[in-house]
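See below for the structure under consideration.
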Amino acid sequence: MRADARVRRWSAAAGVVATALVLTACSGQAPTDIAVTPTATGFGGQAPVDGTRNGIETVDGTTALQDVLAAMRSEPVVATGTVTELVPDPAAAKGSGDTVPGRTVRIDYRGTTEDSALRLSVGDVSLDARRRADDVWVSGNAAFAAQSGLAKVTSGRVCVPATSATVRDLAPFTEPDDLLRSMLGTGSDVTLHPGAVTGTGDDARVQIVVANGSSPIGSLVVSAVGEPVPYSFRASDTTGTVELSFADWGKSQDLGDPDHVVTDC
């Protein structure tokens, strides 16, 4: 079995590099089925028998992910969770493969692409970003001030353009769909397998198994009714762990005006 877990690099907190996990686990000769056998037919677009569901359980994994990401862009949401990288255990024997938790990213996102509030911590860096259209008011601790070059952020909010390097460096955390996409990657090493519907009515859900070859490494739970928005993503492999929760889809978030502004737009 060959370990070929990949690590996607992205920068956060204006230059603090964290590790966004593209989850792949161990791979080898791919068997015919993953351990948790999905029920997806791969027919794509097949209508549910009773006509009340969105049919996400009937499509192939690639289509399912595209549909989920598209659904996420249209609604306000509360997205919270952690991404923890795993690093070699310095106390373990060389080549043992033993790991220990390393840096943890903590995220709390509320709102929409055009009107959002983001709290983010990466290691010793923490920040708060309040976006309205093309303007973003950021504040943070001394570590964020040092990384961003915005000395005043420790005293209050500093307004910067949404197209600025400071905001770009927060990607993929500024938009939940970009965050989920970065976690899953775009290659063929990670595959998604929609499963059976559980629950009834508006609470009906589909568990999409996330796998690498024969190894299930996590699950993405999405709504089987209406838009196929996600409710949770849990995964773990040799590079780290991801735990994300999505709630209050479609509910307007009262985020208020940017407070403690020291440098306005």
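Ligands are numbered from 1 in the order shown, chains are lettered A, B, ... in the order of the structure tokens, and residues start at 1 in each chain.
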Those in range 63-251 of chain A with helix (DSSP H, G or I) from DSSP, as a PyMOL selection string
chain A and resi 63-72+142-148+151-154+165-168+176-184+201-203
Using only C-alpha atoms, which residues sit within 8 Å of Ile56 in chain A once same-chain residues fewer than 2 positions away are excluded, as a VMD selection string?
chain A and resid 54 58 to 59 64 194 206 224 228
Can those selected residues be exported to a file as an mmCIF file, in the first residue's frame so that it contains N, CA and C atoms?
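Saved to out_23.cif:
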```cif
data_model
loop_
_atom_site.group_PDB
_atom_site.id
_atom_site.type_symbol
_atom_site.label_atom_id
_atom_site.label_comp_id
_atom_site.auth_asym_id
_atom_site.auth_seq_id
_atom_site.Cartn_x
_atom_site.Cartn_y
_atom_site.Cartn_z
ATOM 1 N N ASN A 54 -34.963 15.939 -4.384
ATOM 2 C CA ASN A 54 -34.172 16.577 -5.437
ATOM 3 C C ASN A 54 -33.388 15.583 -6.284
ATOM 4 N N THR A 58 -29.378 9.895 -6.893
ATOM 5 C CA THR A 58 -29.388 9.135 -8.146
ATOM 6 C C THR A 58 -28.252 9.503 -9.087
ATOM 7 N N VAL A 59 -27.482 10.530 -8.768
ATOM 8 C CA VAL A 59 -26.463 11.003 -9.703
ATOM 9 C C VAL A 59 -25.089 10.464 -9.332
ATOM 10 N N ALA A 64 -22.930 15.180 -8.307
ATOM 11 C CA ALA A 64 -23.410 15.512 -6.975
ATOM 12 C C ALA A 64 -22.621 16.677 -6.385
ATOM 13 N N PRO A 194 -22.833 9.064 -3.739
ATOM 14 C CA PRO A 194 -24.115 9.312 -3.064
ATOM 15 C C PRO A 194 -24.775 8.012 -2.631
ATOM 16 N N VAL A 206 -29.096 12.786 2.460
ATOM 17 C CA VAL A 206 -28.310 11.800 1.732
ATOM 18 C C VAL A 206 -26.880 11.873 2.233
ATOM 19 N N ALA A 224 -31.849 16.058 0.903
ATOM 20 C CA ALA A 224 -32.470 15.321 -0.194
ATOM 21 C C ALA A 224 -33.711 16.034 -0.706
ATOM 22 N N PRO A 228 -29.733 20.842 -2.828
ATOM 23 C CA PRO A 228 -28.910 19.855 -2.115
ATOM 24 C C PRO A 228 -27.786 20.516 -1.308
#
```
Could you pull out the strand (DSSP E) residues of range 122-256 of chain A from DSSP and send them as a ChimeraX atom specification?
/A:122,125-132,135-140,157-161,191-198,205-212,215-223,230-237,240-247
What is the CA of Thr80 in chain A to CA of Ala247 in chain A distance in Å?
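Pair CA of Thr80 in chain A / CA of Ala247 in chain A returns 8.7 Å.
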For each of A:Lys251, A:Arg103, A:Arg205, A:Lys152, take the minimum atom-to-atom distance to Val83 in chain A, counting only C-alpha atoms, then give the residue where this is smallest.
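Ranking A:Lys251, A:Arg103, A:Arg205, A:Lys152 by distance to Val83 in chain A, first place goes to A:Arg103.
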What lies within 12 Å of Val138 in chain A using only C-alpha atoms, ignoring chain neighbours under 3 positions off, as a PyMOL selection string?
chain A and resi 13-14+116-120+126-132+135+141+144-145+148+150-162+164+166-167+170+258-265
At a cut-off of 9 Å, using only C-alpha atoms, what residues contact Gly111 in chain A? Leave out same-chain residues fewer than 2 positions from it and give the result as a JSON list (two decimals) with N, CA and C atoms, in the first residue's frame.
```
[["chain", "number", "residue", "atom", "x", "y", "z"],
["A", 75, "GLU", "N", -27.56, 30.80, -1.09],
["A", 75, "GLU", "CA", -28.26, 30.96, 0.18],
["A", 75, "GLU", "C", -27.31, 31.43, 1.29],
["A", 76, "PRO", "N", -27.82, 32.26, 2.21],
["A", 76, "PRO", "CA", -27.03, 32.55, 3.41],
["A", 76, "PRO", "C", -26.89, 31.30, 4.26],
["A", 77, "VAL", "N", -25.82, 31.24, 5.07],
["A", 77, "VAL", "CA", -25.55, 30.04, 5.85],
["A", 77, "VAL", "C", -24.66, 30.39, 7.04],
["A", 78, "VAL", "N", -24.69, 29.54, 8.04],
["A", 78, "VAL", "CA", -23.73, 29.59, 9.13],
["A", 78, "VAL", "C", -22.84, 28.36, 8.99],
["A", 79, "ALA", "N", -21.56, 28.58, 8.78],
["A", 79, "ALA", "CA", -20.60, 27.49, 8.60],
["A", 79, "ALA", "C", -19.54, 27.57, 9.70],
["A", 109, "TYR", "N", -18.23, 31.29, 10.03],
["A", 109, "TYR", "CA", -18.67, 32.12, 8.90],
["A", 109, "TYR", "C", -20.18, 32.27, 8.94],
["A", 113, "THR", "N", -21.99, 35.72, 0.21],
["A", 113, "THR", "CA", -20.77, 36.24, -0.42],
["A", 113, "THR", "C", -20.70, 37.76, -0.34],
["A", 114, "GLU", "N", -21.85, 38.42, -0.46],
["A", 114, "GLU", "CA", -21.87, 39.88, -0.49],
["A", 114, "GLU", "C", -22.06, 40.51, 0.88],
["A", 115, "ASP", "N", -22.47, 39.75, 1.87],
["A", 115, "ASP", "CA", -22.74, 40.29, 3.21],
["A", 115, "ASP", "C", -22.42, 39.21, 4.23],
["A", 116, "SER", "N", -21.21, 39.26, 4.80],
["A", 116, "SER", "CA", -20.78, 38.16, 5.65],
["A", 116, "SER", "C", -19.94, 38.64, 6.82],
["A", 117, "ALA", "N", -19.83, 37.76, 7.81],
["A", 117, "ALA", "CA", -18.94, 37.96, 8.95],
["A", 117, "ALA", "C", -18.12, 36.69, 9.11],
["A", 118, "LEU", "N", -16.81, 36.85, 9.21],
["A", 118, "LEU", "CA", -15.92, 35.70, 9.30],
["A", 118, "LEU", "C", -14.98, 35.87, 10.48],
["A", 251, "LYS", "N", -31.67, 31.42, 5.97],
["A", 251, "LYS", "CA", -32.10, 32.33, 7.03],
["A", 251, "LYS", "C", -31.23, 33.58, 7.03],
["A", 252, "SER", "N", -31.86, 34.74, 6.94],
["A", 252, "SER", "CA", -31.12, 35.99, 6.94],
["A", 252, "SER", "C", -30.35, 36.17, 8.23],
["A", 253, "GLN", "N", -29.09, 36.58, 8.13],
["A", 253, "GLN", "CA", -28.24, 36.79, 9.30],
["A", 253, "GLN", "C", -28.17, 38.29, 9.62],
["A", 254, "ASP", "N", -28.55, 38.67, 10.83],
["A", 254, "ASP", "CA", -28.47, 40.06, 11.26],
["A", 254, "ASP", "C", -27.05, 40.32, 11.76],
["A", 255, "LEU", "N", -26.19, 40.77, 10.86],
["A", 255, "LEU", "CA", -24.78, 40.92, 11.18],
["A", 255, "LEU", "C", -24.42, 42.30, 11.72]]
```
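If you measure from each of A:Gln207, A:Ser219, A:Thr82, A:Thr63 to Leu244 in chain A using only C-alpha atoms, the closest one turns out to be A:Thr82.
Residues in contact with range 85-100 of chain A at 7 Å, where only C-alpha atoms are counted and same-chain residues fewer than 5 positions away are skipped, are listed as Thr19, Thr238, Thr239, Gly240 and Thr241 of chain A.
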Would you mind exporting the chosen residues as a compact mmCIF listing (two decimals), in the first residue's frame, restricted to N, CA and C atoms?
```txt
# COMPACT_ATOMS: atom_id res chain seq x y z
N THR A 19 -2.54 24.41 6.18
CA THR A 19 -2.64 23.26 5.28
C THR A 19 -4.09 22.89 5.07
N THR A 238 -4.38 10.56 6.55
CA THR A 238 -3.03 10.69 7.10
C THR A 238 -2.56 12.13 7.18
N THR A 239 -3.22 13.06 6.49
CA THR A 239 -2.80 14.46 6.54
C THR A 239 -3.52 15.26 7.62
N GLY A 240 -4.68 14.79 8.06
CA GLY A 240 -5.40 15.53 9.09
C GLY A 240 -6.87 15.21 9.15
N THR A 241 -7.60 16.05 9.85
CA THR A 241 -9.03 15.85 10.04
C THR A 241 -9.79 17.13 9.72
```
Distance criterion (only C-alpha atoms): nearest to Phe233 in chain A out of A:Ala133, A:Gly250, A:Leu179, A:Asp257:
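Ranked by minimum distance to Phe233 in chain A, first place goes to A:Leu179.
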Can you work out the spacing between CA of Gly256 in chain A and CA of Thr174 in chain A in Å, to one decimal?
18.0 Å
